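**Student:** Below is one structure. I have some questions about it.
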Amino acid sequence: MKKFIRSLLVFSSVIVLSACGATTPDNAEDEAQSSEQASEESTDAASGASEQEEYTDPSELENKYDLVIVGAGGAGMSAALQAKEEGANPVILEKLPVAGGNTTKSSGGMNASETKFQEKEDIEDSNDTFYEDTLEGGQETNDKELLRYFVDHSADAIDWLDNMGITLNNISYSGGASVQRIHRPEDGSAVGGYLVEGLLRNVNENDIPIFVNTDVTKINEDNGEVDGVEVEIDGDAQTIEADAVAVTTGGFGANEEMIEENRPDLEGYVSTNSEGSTGDGIKMIEELGGQTVDMDQIQVHPTVIQEDGTLISETVRGEGAILVDHEGQRFFNEMETRDKVSEAITELPEENAYLIFDDALADRAKQVDFYKEQGVVESGDTIQELAQEIDLPEDQLEETLADWNETVDNEDDQDFGRETAMDYDLTEGPFYAIQIAPGIHHTMGGVKINTNTEVLDEDDQVISGLYAAGELTGGLHGNNRIGGNAVADIVIFGRQAGSQATTFAQENK
């Protein structure tokens with residue numbers, strides 16, 4: 001059975017581990033940088049922004065804030081920026097030594113519909129189409145109110161980021177999407193590090209205090225209303241009062257005990273998650289009587305390196321890669337939803353497969369540079385040489401590639417019905433292969449919220465003053481998350497949490 005790996009945030013390699021998933025943070029001011037520069041910046045960002053000294057000195061922690069935000073991932077920083085924009089005095093508390101969490105590891109991009117960047121590329125999309133794609137991907141089990149809010153506010157979130165210098169204008173396909181909808185940095189690199197760097201830059205420019213190595217251990221309440229948190233910082237316990245609390249601590253994908261409790265069948269699976277994804281926020285909210293939903297809905301991603309939990313971004317398939325078995329044959333629609341692709345791989349005798357792509361694709365999908373550095377990419381100047389390198393039947397792999405290229409030319413996949421990510425053939429050597437298999441990637445269950453991001457108790461009543469956003473919440477994705485929806489989730493509902501918590505704090509001063 002596959003070994004369960006807690007990715008230890010070894011900061012020199014954290015960047016690519018996950019996707020929606022891997023990361024290569026790029027400087028927004030130099031989007032035309034070379035692959036070598038992109039790789040170097042990935043390593044820099046992976047070491048965390050701690051090198052940039054962008055965190056607040058622990059001695060400056062005050063006893064009272066308008067809004068306490070627990071967790072400094074994409075949702076937490078989005079909440080803080082929105083709250084500050086609306087006149088609040090927020091603070092961000094993060095238990096790890098650096099900001100970012102699982103957001104840092106997101107590689108694919110951010111889904112959004114009816115965006116200005118889609119319009120510029122003449123991509124026809126609509127919020128309704130986005131809604132239907134996500135509902136179908138979630139097997140019709142999504143919380144429809146959350147989903148409606150989500151798609152209707154996706155384009156605005158893209159604009160909001162762009163106005164802060166975080167521009168996601170490179171658009172491609174993701175699994176389960178009927179049109180090009182996943183938005184990435186201009187050079188096509190991974191979204192995670194780029195997003196974290198941009199959000200953290202704006203947090204600092206807006207003088208929002210952000211404390212790392214600060215572990216929130218309890219959410220306090222008085223007479224049924226949340227009024228602050230207990231923290232441990234520098235070995236000391238401290239009570240922080242607040243008019244509202246927003247919890248954005250992420251999921252529980254790195255908590256082996258919680259995984260096995262909710263899904264015993266996933267025991268032993270490798271995990272792509274950040275060390276900090278241990279479900280702390282969910283547990284604290286449950287102690288207050290908060291309701292959880294869909295806790296058994298845990299997403300397995302189909303393309304994960306089994307030795308260390310490195311996730312191979314869906315971007316690779318989105319740019320045209322194919323999957324082959326150990327006979328050198330395609331066996332499934334590569335752009336199906338993650339659950340279905342994962343199941344197809346697991347049903348193979350070897351329970352693993354190979355991603356096959358060419359040099360032109362590697363140039364479009366900048367994440368491949370990092371995978372090469374990690375030593376997980378096999379190559380050959382010709383497809384025959386590649387087959388020899390990975391011990392697949394040469395004639396069969398050559399025939400498979402020829403058939404695929406004909407499929408692309410004819411725009412008709414008669415074998416498996418693939419309809420998207422067929423814009424490029426695979427003809428430009430050298431050719432590459434990465435051996436992959438499924439791994440635990442995203443926990444879709446969590447705290448129940450409404451569209452105002454207010455946390456609900458077991459009776460579906462609002463817990464006053466308590467808000468939540470991001471992967472620790474449940475309901476939005478249903479039984480299966482569409483690639484690209486995690487980043488959209490944290491930005492859209494992170495902003496909403498910051499806005500609604502600010503309104504509550506201002507009205508209850």
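Chains: A, B, ... in order of the structure tokens. Residues: from 1 per chain. Ligands: from 1, in order shown.
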From the DSSP assignment of the backbone, select every residue of range 211-314 of chain A that is strand (DSSP E or B), and format the answer as a short mmCIF file (atom, residue, chain, number, x, y, z; two decimals) with N, CA and C atoms, in the first residue's frame.
**Tutor:**
data_model
loop_
_atom_site.label_atom_id
_atom_site.label_comp_id
_atom_site.auth_asym_id
_atom_site.auth_seq_id
_atom_site.Cartn_x
_atom_site.Cartn_y
_atom_site.Cartn_z
N PHE A 211 1.30 37.60 12.13
CA PHE A 211 2.18 36.93 13.09
C PHE A 211 2.30 35.45 12.75
N THR A 214 2.49 31.44 15.61
CA THR A 214 1.47 31.87 16.57
C THR A 214 0.30 30.90 16.48
N ASP A 215 0.20 30.00 17.44
CA ASP A 215 -0.75 28.90 17.39
C ASP A 215 -2.03 29.26 18.14
N VAL A 216 -3.12 29.36 17.41
CA VAL A 216 -4.42 29.58 18.04
C VAL A 216 -4.92 28.25 18.59
N THR A 217 -5.16 28.19 19.87
CA THR A 217 -5.54 26.93 20.52
C THR A 217 -7.01 26.83 20.87
N LYS A 218 -7.71 27.98 20.87
CA LYS A 218 -9.12 27.97 21.25
C LYS A 218 -9.80 29.22 20.74
N ILE A 219 -11.06 29.08 20.34
CA ILE A 219 -11.89 30.23 19.99
C ILE A 219 -12.79 30.51 21.19
N ASN A 220 -12.76 31.72 21.69
CA ASN A 220 -13.53 32.07 22.88
C ASN A 220 -14.91 32.60 22.51
N GLU A 221 -15.85 32.39 23.41
CA GLU A 221 -17.18 32.96 23.25
C GLU A 221 -17.76 33.35 24.60
N ASP A 222 -18.67 34.28 24.58
CA ASP A 222 -19.33 34.75 25.80
C ASP A 222 -20.80 34.97 25.49
N GLU A 225 -21.73 34.37 21.85
CA GLU A 225 -21.12 35.20 20.82
C GLU A 225 -19.60 35.10 20.89
N VAL A 226 -18.97 34.80 19.75
CA VAL A 226 -17.51 34.68 19.70
C VAL A 226 -16.88 36.04 19.96
N ASP A 227 -15.86 36.05 20.83
CA ASP A 227 -15.26 37.33 21.21
C ASP A 227 -13.74 37.31 21.27
N GLY A 228 -13.12 36.32 20.63
CA GLY A 228 -11.66 36.30 20.62
C GLY A 228 -11.09 34.91 20.56
N VAL A 229 -9.77 34.83 20.80
CA VAL A 229 -9.07 33.54 20.71
C VAL A 229 -8.00 33.44 21.79
N GLU A 230 -7.59 32.21 22.07
CA GLU A 230 -6.43 31.94 22.90
C GLU A 230 -5.28 31.56 21.97
N VAL A 231 -4.08 32.10 22.23
CA VAL A 231 -2.93 31.79 21.39
C VAL A 231 -1.72 31.42 22.23
N GLU A 232 -0.81 30.70 21.60
CA GLU A 232 0.51 30.46 22.16
C GLU A 232 1.53 31.04 21.22
N ILE A 233 2.35 31.96 21.73
CA ILE A 233 3.37 32.62 20.93
C ILE A 233 4.63 32.76 21.76
N ASP A 236 4.44 31.46 25.26
CA ASP A 236 3.54 32.09 26.22
C ASP A 236 2.10 32.03 25.72
N ALA A 237 1.17 31.86 26.67
CA ALA A 237 -0.25 31.88 26.34
C ALA A 237 -0.77 33.30 26.44
N GLN A 238 -1.69 33.64 25.55
CA GLN A 238 -2.22 35.00 25.54
C GLN A 238 -3.65 34.98 25.03
N THR A 239 -4.50 35.83 25.58
CA THR A 239 -5.87 35.99 25.12
C THR A 239 -5.97 37.22 24.23
N ILE A 240 -6.54 37.03 23.04
CA ILE A 240 -6.73 38.15 22.11
C ILE A 240 -8.23 38.36 21.96
N GLU A 241 -8.70 39.55 22.30
CA GLU A 241 -10.11 39.88 22.13
C GLU A 241 -10.38 40.34 20.69
N ALA A 242 -11.60 40.10 20.24
CA ALA A 242 -11.96 40.50 18.87
C ALA A 242 -13.46 40.69 18.78
N ASP A 243 -13.87 41.59 17.89
CA ASP A 243 -15.29 41.78 17.63
C ASP A 243 -15.83 40.67 16.72
N ALA A 244 -14.93 40.02 15.97
CA ALA A 244 -15.31 38.90 15.11
C ALA A 244 -14.07 38.06 14.86
N VAL A 245 -14.30 36.79 14.55
CA VAL A 245 -13.20 35.86 14.25
C VAL A 245 -13.51 35.16 12.93
N ALA A 246 -12.52 35.13 12.03
CA ALA A 246 -12.64 34.39 10.78
C ALA A 246 -11.60 33.28 10.77
N VAL A 247 -12.05 32.05 10.58
CA VAL A 247 -11.15 30.90 10.60
C VAL A 247 -10.87 30.45 9.17
N SER A 271 0.12 11.64 0.65
CA SER A 271 -0.61 12.90 0.74
C SER A 271 0.22 14.02 0.13
N GLY A 290 -20.22 23.91 16.22
CA GLY A 290 -20.34 24.08 14.78
C GLY A 290 -20.62 22.77 14.07
N THR A 292 -20.50 20.13 10.88
CA THR A 292 -19.65 19.76 9.76
C THR A 292 -20.46 18.97 8.73
N VAL A 293 -20.03 19.04 7.49
CA VAL A 293 -20.72 18.33 6.40
C VAL A 293 -19.68 17.67 5.49
N ILE A 298 -13.22 13.08 0.45
CA ILE A 298 -11.80 13.41 0.40
C ILE A 298 -11.30 13.15 -1.02
N GLN A 299 -10.77 14.17 -1.65
CA GLN A 299 -10.38 14.03 -3.05
C GLN A 299 -9.01 13.39 -3.19
N VAL A 300 -8.96 12.39 -4.06
CA VAL A 300 -7.71 11.76 -4.45
C VAL A 300 -7.33 12.32 -5.82
N HIS A 301 -6.13 12.85 -5.93
CA HIS A 301 -5.65 13.41 -7.20
C HIS A 301 -4.95 12.32 -7.99
N PRO A 302 -5.18 12.26 -9.30
CA PRO A 302 -4.66 11.13 -10.08
C PRO A 302 -3.17 11.15 -10.36
N THR A 303 -2.52 12.32 -10.34
CA THR A 303 -1.13 12.36 -10.80
C THR A 303 -0.19 12.84 -9.69
N VAL A 304 0.25 11.88 -8.89
CA VAL A 304 1.10 12.17 -7.73
C VAL A 304 2.32 11.24 -7.77
N LEU A 311 2.94 16.52 -6.34
CA LEU A 311 1.80 16.47 -7.23
C LEU A 311 2.19 17.02 -8.59
#
**Student:** Pick out the residues sitting within 10 Å of range 315-318 of chain A, and hand them over as JSON, numbers by chain; count only C-alpha atoms, and ignore anything fewer than 5 positions along from it in its own chain.
**Tutor:** {"A": [19, 20, 21, 22, 107, 108, 109, 172, 173, 174, 175, 180, 182, 184, 188, 189, 190, 303, 323, 334, 335, 355, 356, 357, 361, 362, 364, 365, 366, 367, 368, 420, 421, 422, 423, 483, 484]}
**Student:** Just the residues within 10 Å of Asp207 in chain A, please, counting only C-alpha atoms, with nothing from its chain fewer than 4 positions along; format it as a PyMOL selection string.
**Tutor:** chain A and resi 56+81+84+89-91+202-203
**Student:** Residues near range 369-381 of chain A, anyone? I mean within 6 Å using only C-alpha atoms, not counting same-chain ones fewer than 3 positions away, as number ranges by chain.
**Tutor:** A: 366, 385-386, 429-434
**Student:** With only C-alpha atoms as the basis for distance, which of A:Gly276, A:Gly165, A:Gly320, A:Pro438 is at the shortest distance from Leu472 in chain A?
**Tutor:** A:Gly276
**Student:** Give me, as a PyMOL selection string, all polymer residues having an atom no more than 6 Å from range 70-79 of chain A, counting only C-alpha atoms and skipping those fewer than 6 positions away in the same chain.
**Tutor:** chain A and resi 93-94+99-101+103+247-249+470+490-491+494-495+497-498
**Student:** Name all residues at most 12 Å from Asp133 in chain A (count only C-alpha atoms; drop same-chain ones fewer than 4 positions away) and give them as number ranges by chain.
**Tutor:** A: 111-113, 125-129, 137-140, 142, 147, 151, 174-181, 336-337, 477, 480-483, 485
**Student:** Which one of A:Ala468, A:Gln500, A:Leu195, A:Val341 sits closest to Phe416 in chain A if you count only C-alpha atoms?
**Tutor:** A:Val341
**Student:** Could you tell me which of A:Leu146, A:Ala501, A:Leu168, A:Ile463 comes closest to Glu287 in chain A if we count only C-alpha atoms?
**Tutor:**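 Of all the options, A:Ile463 lies closest to Glu287 in chain A.
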**Student:** Restricting the calculation to only C-alpha atoms, which member of A:Asp409, A:Asp294, A:Glu119, A:Glu314 is positioned closest to Arg338 in chain A?
**Tutor:** A:Glu314
**Student:** Looking only at alpha helix (DSSP H) from DSSP on the backbone, list the matching residues of range 37-233 of chain A as a count of residues only.
**Tutor:** 72
**Student:** Nearest to Asp413 in chain A among A:Ala505, A:Thr272, A:Arg330, A:Asp122, with distances taken over only C-alpha atoms: which residue is it?
**Tutor:**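 So, comparing all the options, the nearest one is A:Arg330.
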**Student:** When you count only C-alpha atoms, which of these residues is closest to Gly192 in chain A: A:Ala157, A:Ser313, A:Thr451, A:Gly235?
**Tutor:** A:Ser313
**Student:** Would you mind listing what lies within 10 Å of Asn204 in chain A as a ChimeraX atom specification, with only C-alpha atoms counted and same-chain residues fewer than 3 positions away left out?
**Tutor:** /A:54-56,81,199-201,207-210
